[in-house]
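Chemist: Input file: coords35.cif. Contents: mmCIF, C-alpha atoms and all ligand atoms.
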```cif
data_upload
#
loop_
_atom_site.label_atom_id
_atom_site.label_comp_id
_atom_site.auth_asym_id
_atom_site.auth_seq_id
_atom_site.Cartn_x
_atom_site.Cartn_y
_atom_site.Cartn_z
CA MET K 1 173.03 42.88 -89.76
CA ALA K 2 172.85 39.72 -87.69
CA SER K 3 170.32 38.43 -90.18
CA ALA K 4 172.59 39.01 -93.16
CA LEU K 5 175.46 37.31 -91.41
CA ARG K 6 173.34 34.33 -90.55
CA GLN K 7 172.18 33.96 -94.12
CA THR K 8 175.73 34.18 -95.44
CA ALA K 9 177.00 31.64 -92.99
CA ILE K 10 174.18 29.31 -93.80
CA ALA K 11 174.88 29.45 -97.47
CA ALA K 12 178.42 28.49 -96.58
CA ILE K 13 177.59 25.51 -94.41
CA GLY K 14 174.55 24.43 -96.36
CA LEU K 15 172.19 24.59 -93.42
CA CYS K 16 169.47 27.16 -93.12
CA TYR K 17 169.43 29.64 -90.30
CA SER K 18 168.55 33.28 -90.52
CA SER K 19 167.43 35.83 -88.03
CA LEU K 20 163.90 36.86 -88.79
CA PRO K 21 161.89 38.60 -86.14
CA PRO K 22 160.32 35.96 -83.94
CA MET K 23 156.74 35.49 -85.05
CA LYS K 24 153.96 35.36 -82.57
CA ILE K 25 153.06 31.74 -82.29
CA GLN K 26 149.94 30.54 -80.54
CA SER K 27 150.83 28.22 -77.75
CA THR K 28 149.60 24.69 -78.12
CA ALA K 29 147.71 22.90 -75.40
CA SER K 30 150.59 20.55 -74.88
CA ASN K 31 154.10 20.04 -76.14
CA PHE K 32 153.49 16.35 -76.19
CA PHE K 33 151.71 15.00 -79.20
CA ARG K 34 150.50 11.49 -79.05
CA CYS K 35 151.22 9.64 -82.15
CA SER K 36 151.48 6.17 -83.29
CA THR K 37 155.16 5.42 -83.75
CA ARG K 38 156.81 2.31 -85.02
CA ARG K 39 159.21 0.31 -82.95
CA TYR K 40 162.11 1.92 -84.74
CA THR K 41 161.46 5.23 -82.96
CA HIS K 42 164.48 4.76 -80.75
CA SER K 43 166.74 4.28 -83.72
CA PHE K 44 165.05 6.49 -86.26
CA LEU K 45 168.30 8.19 -87.15
CA THR K 46 169.51 5.04 -88.80
CA PHE K 47 166.22 3.59 -89.94
CA THR K 48 165.84 2.71 -93.58
CA PRO K 49 162.40 1.53 -94.57
CA PRO K 50 161.96 -1.83 -96.17
CA TYR K 51 162.81 -1.63 -99.85
CA SER K 52 159.28 -2.70 -100.71
CA LEU K 53 157.88 0.37 -98.96
CA ARG K 54 160.30 2.88 -100.43
CA ASN K 55 159.40 1.66 -103.88
CA ALA K 56 155.80 0.75 -103.41
CA PRO K 57 154.28 0.14 -106.85
CA PHE K 58 152.10 2.73 -108.47
CA PRO K 59 149.20 2.66 -109.07
CA PRO K 60 149.36 1.38 -105.54
CA THR K 61 148.09 -2.08 -104.92
CA LEU K 62 146.99 -1.99 -101.34
CA ASN K 63 147.78 -5.53 -100.41
CA ALA K 64 147.15 -6.50 -96.85
CA GLN K 65 150.80 -7.06 -96.10
CA THR K 66 151.87 -3.58 -97.19
CA VAL K 67 149.12 -1.98 -95.15
CA SER K 68 149.95 -3.93 -92.08
CA THR K 69 153.63 -3.09 -92.48
CA ILE K 70 152.74 0.57 -92.54
CA THR K 71 150.23 0.47 -89.77
CA GLU K 72 151.80 -2.09 -87.48
CA THR K 73 152.56 0.40 -84.77
CA VAL K 74 153.09 0.80 -81.10
CA GLU K 75 151.50 3.80 -79.41
CA GLU K 76 154.31 6.04 -78.30
CA VAL K 77 154.77 9.69 -77.60
CA VAL K 78 156.94 11.94 -79.72
CA LYS K 79 158.18 14.61 -77.38
CA LEU K 80 158.14 17.78 -79.40
CA GLN K 81 160.78 20.38 -78.75
CA VAL K 82 159.47 23.93 -78.50
CA PRO K 83 161.93 26.24 -80.29
CA LEU K 84 164.23 27.81 -77.73
CA PHE K 85 163.24 31.38 -78.60
CA GLU K 86 159.59 30.54 -77.93
CA ARG K 87 160.15 29.13 -74.45
CA PRO K 88 159.28 31.29 -71.43
CA PRO K 89 162.26 32.98 -69.73
CA ILE K 90 161.84 31.13 -66.46
CA PHE K 91 165.55 30.73 -65.65
CA SER K 92 167.78 33.44 -64.34
CA THR K 93 171.51 33.87 -64.14
CA CYS K 94 174.07 36.43 -63.20
CA SER K 95 175.77 38.12 -66.19
CA GLU K 96 179.19 37.05 -64.85
CA ASP K 97 178.22 33.38 -65.14
CA LEU K 98 176.95 33.90 -68.65
CA LEU K 99 180.15 35.69 -69.65
CA LYS K 100 182.13 32.78 -68.20
CA TRP K 101 180.07 30.43 -70.38
CA ARG K 102 180.62 32.62 -73.43
CA LYS K 103 184.40 32.61 -72.91
CA TRP K 104 184.38 28.82 -72.54
CA ALA K 105 182.20 28.44 -75.65
CA GLN K 106 184.47 30.74 -77.67
CA ASP K 107 187.57 28.82 -76.58
CA LEU K 108 185.92 25.57 -77.69
CA ALA K 109 184.93 27.12 -81.01
CA ASN K 110 188.45 28.45 -81.55
CA SER K 111 189.93 25.01 -80.85
CA VAL K 112 188.17 23.73 -84.00
CA GLY K 113 190.05 26.01 -86.39
CA SER K 114 189.40 24.71 -89.88
CA LYS K 115 189.60 20.99 -89.15
CA TYR K 116 185.88 20.26 -89.72
CA LEU K 117 185.89 22.42 -92.82
CA GLU K 118 188.79 20.50 -94.26
CA ALA K 119 187.47 17.10 -93.20
CA ASP K 120 183.94 17.32 -94.58
CA GLY K 121 183.01 20.94 -95.35
CA GLY K 122 181.70 21.48 -91.81
CA PRO K 123 181.79 24.72 -89.79
CA ASP K 124 185.04 26.48 -88.96
CA SER K 125 185.76 28.55 -85.85
CA GLU K 126 184.34 31.67 -87.43
CA ASP K 127 181.00 29.95 -88.14
CA LEU K 128 180.88 28.55 -84.63
CA LEU K 129 181.68 31.92 -83.02
CA ARG K 130 178.73 33.41 -84.90
CA GLU K 131 176.49 30.61 -83.71
CA ILE K 132 177.39 31.37 -80.08
CA GLU K 133 175.85 34.82 -80.48
CA TRP K 134 172.76 33.40 -82.20
CA LEU K 135 172.37 30.85 -79.42
CA LEU K 136 172.57 33.63 -76.85
CA GLU K 137 170.03 35.71 -78.77
CA ASP K 138 167.59 32.81 -78.57
CA ALA K 139 168.42 31.77 -75.00
CA VAL K 140 168.60 35.10 -73.19
CA ASP K 141 165.70 37.47 -72.83
CA GLU K 142 166.81 40.88 -74.11
CA TYR K 143 170.36 39.71 -74.81
CA SER K 144 172.99 42.37 -75.38
CA PRO K 145 176.22 41.35 -77.14
CA ASN K 146 177.92 44.13 -75.15
CA LEU K 147 177.40 42.32 -71.88
CA ALA K 148 181.10 42.39 -71.06
CA THR K 149 181.15 46.19 -71.07
CA PHE K 150 178.45 46.54 -68.41
CA GLU K 151 179.87 48.14 -65.29
CA ALA K 152 178.12 45.97 -62.74
CA PRO K 153 176.85 42.39 -62.95
CA ILE K 154 173.16 42.14 -63.77
CA THR K 155 170.60 39.38 -63.50
CA LEU K 156 169.48 37.92 -66.80
CA ASN K 157 166.29 36.06 -67.61
CA MET K 158 166.93 32.96 -69.65
CA ARG K 159 164.92 30.45 -71.69
CA THR K 160 167.19 27.64 -70.58
CA SER K 161 169.73 27.27 -67.79
CA VAL K 162 173.43 28.07 -68.09
CA GLU K 163 174.16 24.41 -67.24
CA ASP K 164 172.09 23.43 -70.26
CA LEU K 165 174.04 25.85 -72.45
CA TYR K 166 177.25 24.03 -71.50
CA SER K 167 175.86 20.71 -72.59
CA LEU K 168 174.22 22.11 -75.74
CA TRP K 169 177.43 23.75 -76.85
CA SER K 170 179.59 20.72 -76.23
CA ASP K 171 177.08 18.68 -78.30
CA ARG K 172 177.36 21.27 -81.04
CA VAL K 173 181.14 21.36 -81.20
CA GLU K 174 182.20 17.89 -80.12
CA LYS K 175 179.33 15.80 -81.45
CA ARG K 176 178.64 18.08 -84.44
CA ARG K 177 174.95 18.25 -83.56
CA PRO K 178 173.37 20.68 -86.06
CA PHE K 179 172.80 24.18 -84.74
CA GLN K 180 169.13 24.05 -85.77
CA TYR K 181 168.54 21.03 -83.52
CA ILE K 182 170.30 22.89 -80.67
CA VAL K 183 167.94 25.88 -80.91
CA GLY K 184 165.00 23.75 -82.06
CA CYS K 185 164.09 25.77 -85.11
CA SER K 186 164.98 26.59 -88.66
CA HIS K 187 164.21 29.81 -90.51
CA TRP K 188 162.85 28.95 -93.93
CA ARG K 189 161.39 31.54 -96.29
CA ASP K 190 159.32 33.73 -94.00
CA VAL K 191 158.50 31.03 -91.48
CA VAL K 192 160.32 29.65 -88.45
CA LEU K 193 159.84 25.90 -88.35
CA SER K 194 160.27 23.72 -85.31
CA VAL K 195 162.87 21.04 -86.02
CA GLN K 196 164.47 18.35 -83.93
CA GLU K 197 166.20 15.01 -84.37
CA GLY K 198 164.15 12.78 -86.63
CA VAL K 199 163.26 15.43 -89.19
CA LEU K 200 165.33 16.95 -91.99
CA ILE K 201 166.35 20.57 -91.48
CA PRO K 202 164.76 22.34 -94.47
CA ARG K 203 167.38 23.75 -96.83
CA PRO K 204 167.44 27.19 -98.46
CA VAL K 205 167.59 25.60 -101.92
CA THR K 206 164.18 24.01 -101.38
CA GLU K 207 162.66 27.47 -100.92
CA GLU K 208 163.00 27.83 -104.69
CA LEU K 209 160.47 25.06 -105.22
CA ILE K 210 157.81 27.33 -103.76
CA GLU K 211 158.78 30.09 -106.18
CA ILE K 212 158.57 27.58 -109.02
CA ALA K 213 155.08 26.54 -107.89
CA GLN K 214 154.11 30.19 -107.65
CA LYS K 215 155.11 30.73 -111.29
CA ALA K 216 153.11 27.67 -112.37
CA ILE K 217 150.07 29.03 -110.55
CA ALA K 218 150.57 32.37 -112.28
CA THR K 219 150.24 30.61 -115.66
CA ASP K 220 147.07 28.75 -114.67
CA GLY K 221 144.99 30.26 -111.88
CA SER K 222 142.90 27.07 -111.50
CA LEU K 223 145.92 25.45 -109.83
CA ALA K 224 145.46 27.80 -106.87
CA THR K 225 142.08 26.37 -105.99
CA GLY K 226 142.94 22.68 -106.21
CA VAL K 227 144.39 19.96 -104.03
CA TRP K 228 148.19 19.71 -103.90
CA ALA K 229 150.41 17.08 -102.37
CA ASP K 230 153.75 17.60 -100.64
CA LEU K 231 155.32 14.15 -100.77
CA GLY K 232 157.90 13.57 -98.05
CA THR K 233 156.89 16.67 -96.11
CA GLY K 234 159.46 16.41 -93.28
CA SER K 235 158.98 19.49 -91.10
CA GLY K 236 156.05 20.56 -93.31
CA ALA K 237 158.09 23.31 -94.98
CA LEU K 238 156.81 22.89 -98.55
CA ALA K 239 153.24 22.20 -97.43
CA ILE K 240 153.18 25.38 -95.34
CA GLY K 241 154.82 27.44 -98.11
CA LEU K 242 152.30 26.09 -100.61
CA ALA K 243 149.27 26.66 -98.39
CA GLN K 244 150.29 30.29 -98.12
CA LEU K 245 150.25 30.56 -101.93
CA LEU K 246 146.95 28.89 -102.67
CA ASP K 247 143.51 30.48 -102.75
CA PRO K 248 141.30 29.84 -99.71
CA GLU K 249 139.65 26.89 -101.54
CA GLY K 250 143.07 25.33 -102.18
CA HIS K 251 144.28 22.53 -99.98
CA VAL K 252 147.54 20.66 -99.34
CA VAL K 253 147.96 17.05 -98.32
CA ALA K 254 151.34 16.55 -96.64
CA VAL K 255 152.58 12.96 -96.70
CA ASP K 256 155.48 11.31 -94.92
CA LEU K 257 156.44 7.80 -93.95
CA SER K 258 158.08 8.92 -90.72
CA HIS K 259 155.82 9.35 -87.72
CA VAL K 260 158.37 11.59 -86.06
CA ALA K 261 158.49 13.92 -89.08
CA LEU K 262 154.70 13.90 -89.29
CA SER K 263 154.32 14.89 -85.64
CA ILE K 264 156.68 17.80 -86.23
CA ALA K 265 154.93 18.77 -89.49
CA ARG K 266 151.59 18.71 -87.69
CA TYR K 267 153.02 20.87 -84.92
CA ASN K 268 154.33 23.39 -87.45
CA VAL K 269 151.01 23.45 -89.29
CA GLN K 270 149.31 24.20 -85.96
CA ARG K 271 151.87 26.86 -85.08
CA TYR K 272 150.91 28.68 -88.29
CA GLU K 273 147.20 27.95 -87.79
CA LEU K 274 146.96 26.20 -91.14
CA GLN K 275 145.11 23.09 -89.99
CA ALA K 276 142.18 23.92 -92.25
CA ARG K 277 144.48 24.17 -95.29
CA VAL K 278 147.05 21.43 -94.69
CA GLU K 279 146.16 17.84 -93.94
CA VAL K 280 148.96 15.60 -92.71
CA ARG K 281 148.83 11.92 -93.69
CA GLN K 282 151.13 9.02 -92.90
CA GLY K 283 152.23 6.50 -95.49
CA SER K 284 154.47 5.80 -98.43
CA TRP K 285 154.32 8.34 -101.26
CA PHE K 286 151.00 7.98 -103.12
CA LEU K 287 149.54 5.24 -100.93
CA PRO K 288 147.70 7.63 -98.58
CA LEU K 289 146.33 9.63 -101.55
CA GLN K 290 143.95 7.16 -103.13
CA ASP K 291 140.92 9.37 -102.52
CA VAL K 292 142.47 12.16 -104.61
CA ASN K 293 144.10 9.97 -107.26
CA GLY K 294 143.70 11.64 -110.68
CA LYS K 295 142.44 14.84 -109.04
CA LEU K 296 145.61 16.50 -107.81
CA ALA K 297 146.30 19.99 -109.13
CA GLY K 298 149.94 19.76 -108.15
CA VAL K 299 152.63 17.63 -106.57
CA LEU K 300 155.79 19.03 -104.99
CA SER K 301 158.51 16.88 -103.54
CA ASN K 302 162.02 17.04 -102.22
CA PRO K 303 162.47 13.30 -101.71
CA PRO K 304 165.61 11.52 -100.47
CA TYR K 305 168.10 11.65 -103.35
CA ILE K 306 171.56 11.04 -101.96
CA PRO K 307 173.16 7.88 -103.37
CA GLU K 308 173.53 5.45 -100.48
CA ASP K 309 177.29 5.12 -100.74
CA GLN K 310 177.75 8.91 -100.47
CA ILE K 311 176.07 9.16 -97.07
CA PRO K 312 179.18 8.26 -95.02
CA GLY K 313 181.08 11.11 -96.71
CA LEU K 314 178.50 13.79 -95.88
CA GLN K 315 179.21 16.62 -93.47
CA ALA K 316 178.94 15.11 -89.97
CA GLU K 317 176.05 17.42 -89.04
CA VAL K 318 174.08 15.84 -91.86
CA GLY K 319 175.30 12.25 -92.10
CA LYS K 320 175.45 11.57 -88.37
CA HIS K 321 172.42 13.51 -87.18
CA GLU K 322 169.77 13.94 -89.86
CA PRO K 323 167.43 11.01 -90.48
CA ARG K 324 168.71 8.48 -92.96
CA LEU K 325 165.19 8.01 -94.22
CA ALA K 326 165.28 11.64 -95.41
CA LEU K 327 168.63 11.31 -97.15
CA ASN K 328 168.99 7.85 -98.60
CA GLY K 329 167.81 7.74 -102.21
CA GLY K 330 168.93 4.17 -102.76
CA GLN K 331 171.87 2.92 -104.76
CA GLU K 332 171.76 5.61 -107.45
CA GLY K 333 169.91 8.15 -105.36
CA ILE K 334 167.18 8.46 -107.94
CA GLU K 335 164.85 5.61 -107.12
CA ASP K 336 162.26 7.62 -105.19
CA LEU K 337 162.30 10.39 -107.80
CA LEU K 338 161.58 7.91 -110.59
CA HIS K 339 158.80 6.37 -108.56
CA LEU K 340 157.28 9.80 -107.97
CA CYS K 341 157.38 10.69 -111.69
CA ARG K 342 155.62 7.48 -112.63
CA GLY K 343 153.09 8.00 -109.87
CA CYS K 344 152.18 11.44 -111.15
CA ILE K 345 150.78 9.91 -114.35
CA SER K 346 147.74 8.72 -112.47
CA ALA K 347 147.84 11.08 -109.49
CA LEU K 348 147.66 14.41 -111.37
CA ARG K 349 144.58 15.73 -113.08
CA SER K 350 144.86 17.00 -116.65
CA GLY K 351 146.80 20.30 -116.50
CA GLY K 352 148.23 19.36 -113.10
CA PHE K 353 151.76 20.46 -112.23
CA LEU K 354 154.71 18.60 -110.76
CA GLY K 355 157.91 20.08 -109.31
CA PHE K 356 160.70 17.93 -107.90
CA GLU K 357 164.03 18.77 -106.32
CA THR K 358 166.93 16.54 -107.40
CA ASN K 359 170.59 16.07 -106.62
CA GLY K 360 171.30 18.01 -109.84
CA GLU K 361 172.65 17.33 -113.32
CA ARG K 362 172.44 13.58 -113.99
CA GLN K 363 169.38 13.05 -111.83
CA ALA K 364 167.64 16.05 -113.37
CA ASP K 365 168.48 14.81 -116.89
CA ALA K 366 167.25 11.30 -116.16
CA LEU K 367 163.98 12.60 -114.75
CA ALA K 368 163.39 15.00 -117.63
CA ASP K 369 164.08 12.16 -120.03
CA LEU K 370 161.58 9.90 -118.28
CA LEU K 371 158.91 12.61 -118.27
CA SER K 372 159.39 13.73 -121.86
CA CYS K 373 160.30 10.55 -123.74
CA LYS K 374 159.28 7.54 -121.72
CA SER K 375 155.89 8.41 -120.32
CA ASP K 376 153.62 7.88 -123.34
CA SER K 377 153.22 11.64 -123.85
CA SER K 378 151.65 11.98 -120.43
CA PHE K 379 153.51 15.23 -119.70
CA ARG K 380 154.14 18.51 -121.49
CA ASP K 381 156.43 21.50 -120.94
CA VAL K 382 159.06 19.41 -119.17
CA GLN K 383 161.74 21.71 -117.81
CA ILE K 384 164.96 21.51 -115.87
CA ILE K 385 165.42 24.62 -113.72
CA ALA K 386 168.73 25.68 -112.21
CA ASP K 387 168.97 26.68 -108.56
CA TYR K 388 170.50 30.01 -107.51
CA ALA K 389 173.94 28.40 -107.55
CA GLY K 390 173.44 27.50 -111.21
CA ILE K 391 173.06 23.75 -110.63
CA PRO K 392 170.33 22.15 -112.78
CA ARG K 393 168.30 21.16 -109.74
CA PHE K 394 164.53 21.12 -110.29
CA VAL K 395 162.41 19.24 -112.78
CA THR K 396 158.93 20.47 -113.59
CA ALA K 397 156.17 19.40 -115.96
CA PHE K 398 152.44 19.64 -116.56
CA ARG K 399 150.20 16.60 -116.98
CA CYS K 400 148.65 16.55 -120.47
C1 LIG K 501 164.79 15.16 -98.17
S1 LIG K 501 163.54 15.00 -96.96
C2 LIG K 501 162.55 16.41 -97.37
C3 LIG K 501 161.77 16.96 -96.24
C4 LIG K 501 161.07 18.28 -96.56
N1 LIG K 501 160.19 18.16 -97.70
C5 LIG K 501 162.08 19.36 -96.83
O1 LIG K 501 162.28 19.73 -97.97
O2 LIG K 501 162.68 19.85 -95.86
C6 LIG K 501 162.62 13.64 -97.59
C7 LIG K 501 161.41 13.26 -96.75
O3 LIG K 501 160.81 12.11 -97.39
C8 LIG K 501 160.35 11.23 -96.38
N2 LIG K 501 160.23 9.90 -96.96
C9 LIG K 501 161.19 8.98 -97.21
N3 LIG K 501 160.69 7.88 -97.76
C10 LIG K 501 159.34 8.09 -97.88
C11 LIG K 501 158.26 7.32 -98.38
N4 LIG K 501 158.44 6.09 -98.88
N5 LIG K 501 157.03 7.87 -98.37
C12 LIG K 501 156.83 9.12 -97.86
N6 LIG K 501 157.82 9.89 -97.35
C13 LIG K 501 159.06 9.39 -97.37
C14 LIG K 501 161.39 11.35 -95.28
O4 LIG K 501 160.88 10.92 -94.05
C15 LIG K 501 161.71 12.84 -95.33
O5 LIG K 501 160.90 13.55 -94.45
#
```
For this file, write the structure as structure tokens.
Ligand SMILES: C[S@@+](CC[C@H](N)C(=O)[O-])C[C@H]1O[C@@H](n2cnc3c(N)ncnc32)[C@H](O)[C@@H]1O
Modeler:
Amino acid sequence: MASALRQTAIAAIGLCYSSLPPMKIQSTASNFFRCSTRRYTHSFLTFTPPYSLRNAPFPPTLNAQTVSTITETVEEVVKLQVPLFERPPIFSTCSEDLLKWRKWAQDLANSVGSKYLEADGGPDSEDLLREIEWLLEDAVDEYSPNLATFEAPITLNMRTSVEDLYSLWSDRVEKRRPFQYIVGCSHWRDVVLSVQEGVLIPRPVTEELIEIAQKAIATDGSLATGVWADLGTGSGALAIGLAQLLDPEGHVVAVDLSHVALSIARYNVQRYELQARVEVRQGSWFLPLQDVNGKLAGVLSNPPYIPEDQIPGLQAEVGKHEPRLALNGGQEGIEDLLHLCRGCISALRSGGFLGFETNGERQADALADLLSCKSDSSFRDVQIIADYAGIPRFVTAFRC
């Protein structure tokens, strides 16, 4: 029941959160992953890469300047956030204090009414009231929604303190911090991915790209044993979904320009024990893939595709909190997609498959046009596929 409600609410607010049974995740040696981060780490929410990097030429010419721009780094630590539901219940509180928090949280949620919904399509009170219960399910060990009916106060074991719940909830309602960043995870297909600031929250619509890849593999079994690339992997969602589809010999290379995203992708790959199947590489689009150029069995990507001037009008949860690098598709929104299509001419092997998510309609048309008419017959079976909402969203093709 809770699961169905979560899914419905998510569809409504465009962010993915569902209630799947918590999977058993192997603990990692440390929650701190060392990684080489650029100086922009502190401001990654607003970072836009240099134009030259976003649109690096393909076939890539590895000139020294580009390489040093990519690798000019400062050693820093990305502090990874363990999803709330996976943390040990080392805090305790009295049920009366938790009920006091819940009343305060509900009052704050009710004060929102429909003002966010009307302003930018954000959550209304009803959505926020549901989220309070989900937050409690993740934060309280053996949470019962009927707490208020208990005759006597009880002691509850918690995964975070009640004080922390106050600050998390005021961030959620007043700062519009996305719920998934609050609880540190996002349910996507049958996995629960760790997410935090600096990485895009994977969307339900992107799940369809895995189904599309699955159908392509069904038409040509050799695709299941090859090397695939997930370009712009973010949390690692597509790479993990793909790895679960491929045969044991199959392999996925997950690429991202953002060190923060890559640290989180790596963490998620480890959480699902897929290190042998998914390799995470840093760099711009095809640049880190030179060793597999012309050999790829498939390329999937959900690149940034929002036109730059539309970003200020996005729902605050998205525009103010999700990384600009993951959203900004340049002036028309399509620049990265065009670059990826051109790149696939040399990156894919004969018979190789590509599947890209777009902003819909015009972008999908432009891409299909490029692949079918302006690529020297490099591709066949070019298709535009609608998402479940009926929007022509995905473009797919096979390399001739
Ligand atoms: C829309 S997000 C998609 C993330 C993930 N695939 C998903 O569907 O949830 C786009 C991703 O592309 C990455 N990106 C942006 N520019 C890039 C570039 N030049 N090379 C590689 N990755 C890039 C961003 O960091 C971001 O993680």
Chemist: Using only C-alpha atoms and all ligand atoms, which residues have at least one atom no more than 7 Å from ligand LIG 501 (chain K)? Output them as an NGL selection string.
Modeler: :K and (53-55 or 199-203 or 206 or 231-238 or 255-258 or 261 or 283-285 or 301-304 or 325-327)
Chemist: Using Å and a single decimal, report how far atom CA of K:Asp171 sits from atom CA of K:Asp138.
Modeler: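 These atoms are spaced 17.0 Å apart.
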Chemist: Which residues, written as JSON, numbers by chain, have at least one atom at most 9 Å from K:Ala389, with all atoms listed in the file counted and residues fewer than 3 positions away on the same chain left out?
Modeler: {"K": [205, 386, 392]}
Chemist: Have a look at K:Ala366, K:Leu354, K:Val77, K:Ile311 and name the one nearest to K:Leu338; count all atoms listed in the file.
Modeler: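 Smallest distance to K:Leu338 is found for K:Ala366.
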Chemist: Would you pick out the contacts of K:Asn328 at 7 Å or less, using all atoms listed in the file, so that residues sharing its chain but fewer than 2 positions from it are not included, and give the list as a ChimeraX atom specification?
Modeler: /K:304-308,324-326,330,333
Chemist: Could you write those residues out with C-alpha atoms, as a compact mmCIF listing (two decimals), keeping the file's coordinate frame?
Modeler:
```txt
# COMPACT_ATOMS: atom_id res chain seq x y z
CA PRO K 304 165.61 11.52 -100.47
CA TYR K 305 168.10 11.65 -103.35
CA ILE K 306 171.56 11.04 -101.96
CA PRO K 307 173.16 7.88 -103.37
CA GLU K 308 173.53 5.45 -100.48
CA ARG K 324 168.71 8.48 -92.96
CA LEU K 325 165.19 8.01 -94.22
CA ALA K 326 165.28 11.64 -95.41
CA GLY K 330 168.93 4.17 -102.76
CA GLY K 333 169.91 8.15 -105.36
```
Chemist: In Å, rounded to a single decimal, give me how far atom CA of K:Glu322 is from atom CA of K:Gly113.
Modeler: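 Separating atom CA of K:Gly113 from atom CA of K:Glu322 is a distance of 23.9 Å.
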Chemist: Would you compute the distance between atom CA of K:His321 and atom CA of K:Ile210? Give it in Å to one decimal.
Modeler: 26.1 Å
Chemist: Using only C-alpha atoms, find the one residue out of K:Phe394, K:Phe379, K:Phe286, K:Tyr272 that sits nearest to K:Gly343.
Modeler: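 Closest candidate: K:Phe286.
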Chemist: Compare K:Gly390, K:Gly313, K:Pro323, K:Gly226 by their minimum atom-to-atom distance to K:Leu296, counting all atoms listed in the file, and give me the closest one.
Modeler: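 Under the stated criterion, the closest residue is K:Gly226.
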Chemist: Just the residues within 10 Å of K:Leu289, please, counting all atoms listed in the file, with nothing from its chain fewer than 6 positions along; format it as a ChimeraX atom specification.
Modeler: /K:60,229,253-255,281-283,295-296,347
Chemist: Next, dump the selected residues to file, keeping only C-alpha atoms, as a PDB file, in the frame of the given file.
Modeler:
```pdb
ATOM      1  CA  PRO K  60     149.360   1.380-105.540  1.00  0.00           C
ATOM      2  CA  ALA K 229     150.410  17.080-102.370  1.00  0.00           C
ATOM      3  CA  VAL K 253     147.960  17.050 -98.320  1.00  0.00           C
ATOM      4  CA  ALA K 254     151.340  16.550 -96.640  1.00  0.00           C
ATOM      5  CA  VAL K 255     152.580  12.960 -96.700  1.00  0.00           C
ATOM      6  CA  ARG K 281     148.830  11.920 -93.690  1.00  0.00           C
ATOM      7  CA  GLN K 282     151.130   9.020 -92.900  1.00  0.00           C
ATOM      8  CA  GLY K 283     152.230   6.500 -95.490  1.00  0.00           C
ATOM      9  CA  LYS K 295     142.440  14.840-109.040  1.00  0.00           C
ATOM     10  CA  LEU K 296     145.610  16.500-107.810  1.00  0.00           C
ATOM     11  CA  ALA K 347     147.840  11.080-109.490  1.00  0.00           C
TER      12      ALA K 347
END
```
Chemist: Skip K:Thr93 itself and residues of its chain fewer than 5 positions away, then list as a list in words all residues within 9 Å of it, counting all atoms listed in the file.
Modeler: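 The filter keeps Leu98, Ile154, Thr155, Leu156, Asn157, Met158, Ser161 and Val162 of chain K.
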Chemist: List every protein, DNA or RNA residue with an atom no more than 10 Å from (177.4, 28.9, -80.0) in the file's coordinates, counting all atoms listed in the file, and format the result as an MDAnalysis selection string.
Modeler: chainID K and resid 102 105:106 108:109 127:136 165:166 168:170 172:173 179 182:183
Chemist: Leaving out K:Leu348 and any residue of its chain fewer than 2 positions from it, which residues lie within 8 Å of it when counting only C-alpha atoms, given as a VMD selection string?
Modeler: chain K and resid 293 to 299 344 to 346 350 to 353 399
Chemist: Give as a ChimeraX atom specification the set of residues within 10 Å of the point (178.1, 14.3, -91.3), where distances use the file's coordinates and all atoms listed in the file.
Modeler: /K:116,119-122,176-178,311-322
Chemist: Calculated over only C-alpha atoms, which of the candidates K:Ile334, K:Leu99, K:Ala239, K:Ala364 has the smallest distance to K:Val252?
Modeler: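 Checking each of K:Ile334, K:Leu99, K:Ala239, K:Ala364 against K:Val252, counting only C-alpha atoms, the winner is K:Ala239.
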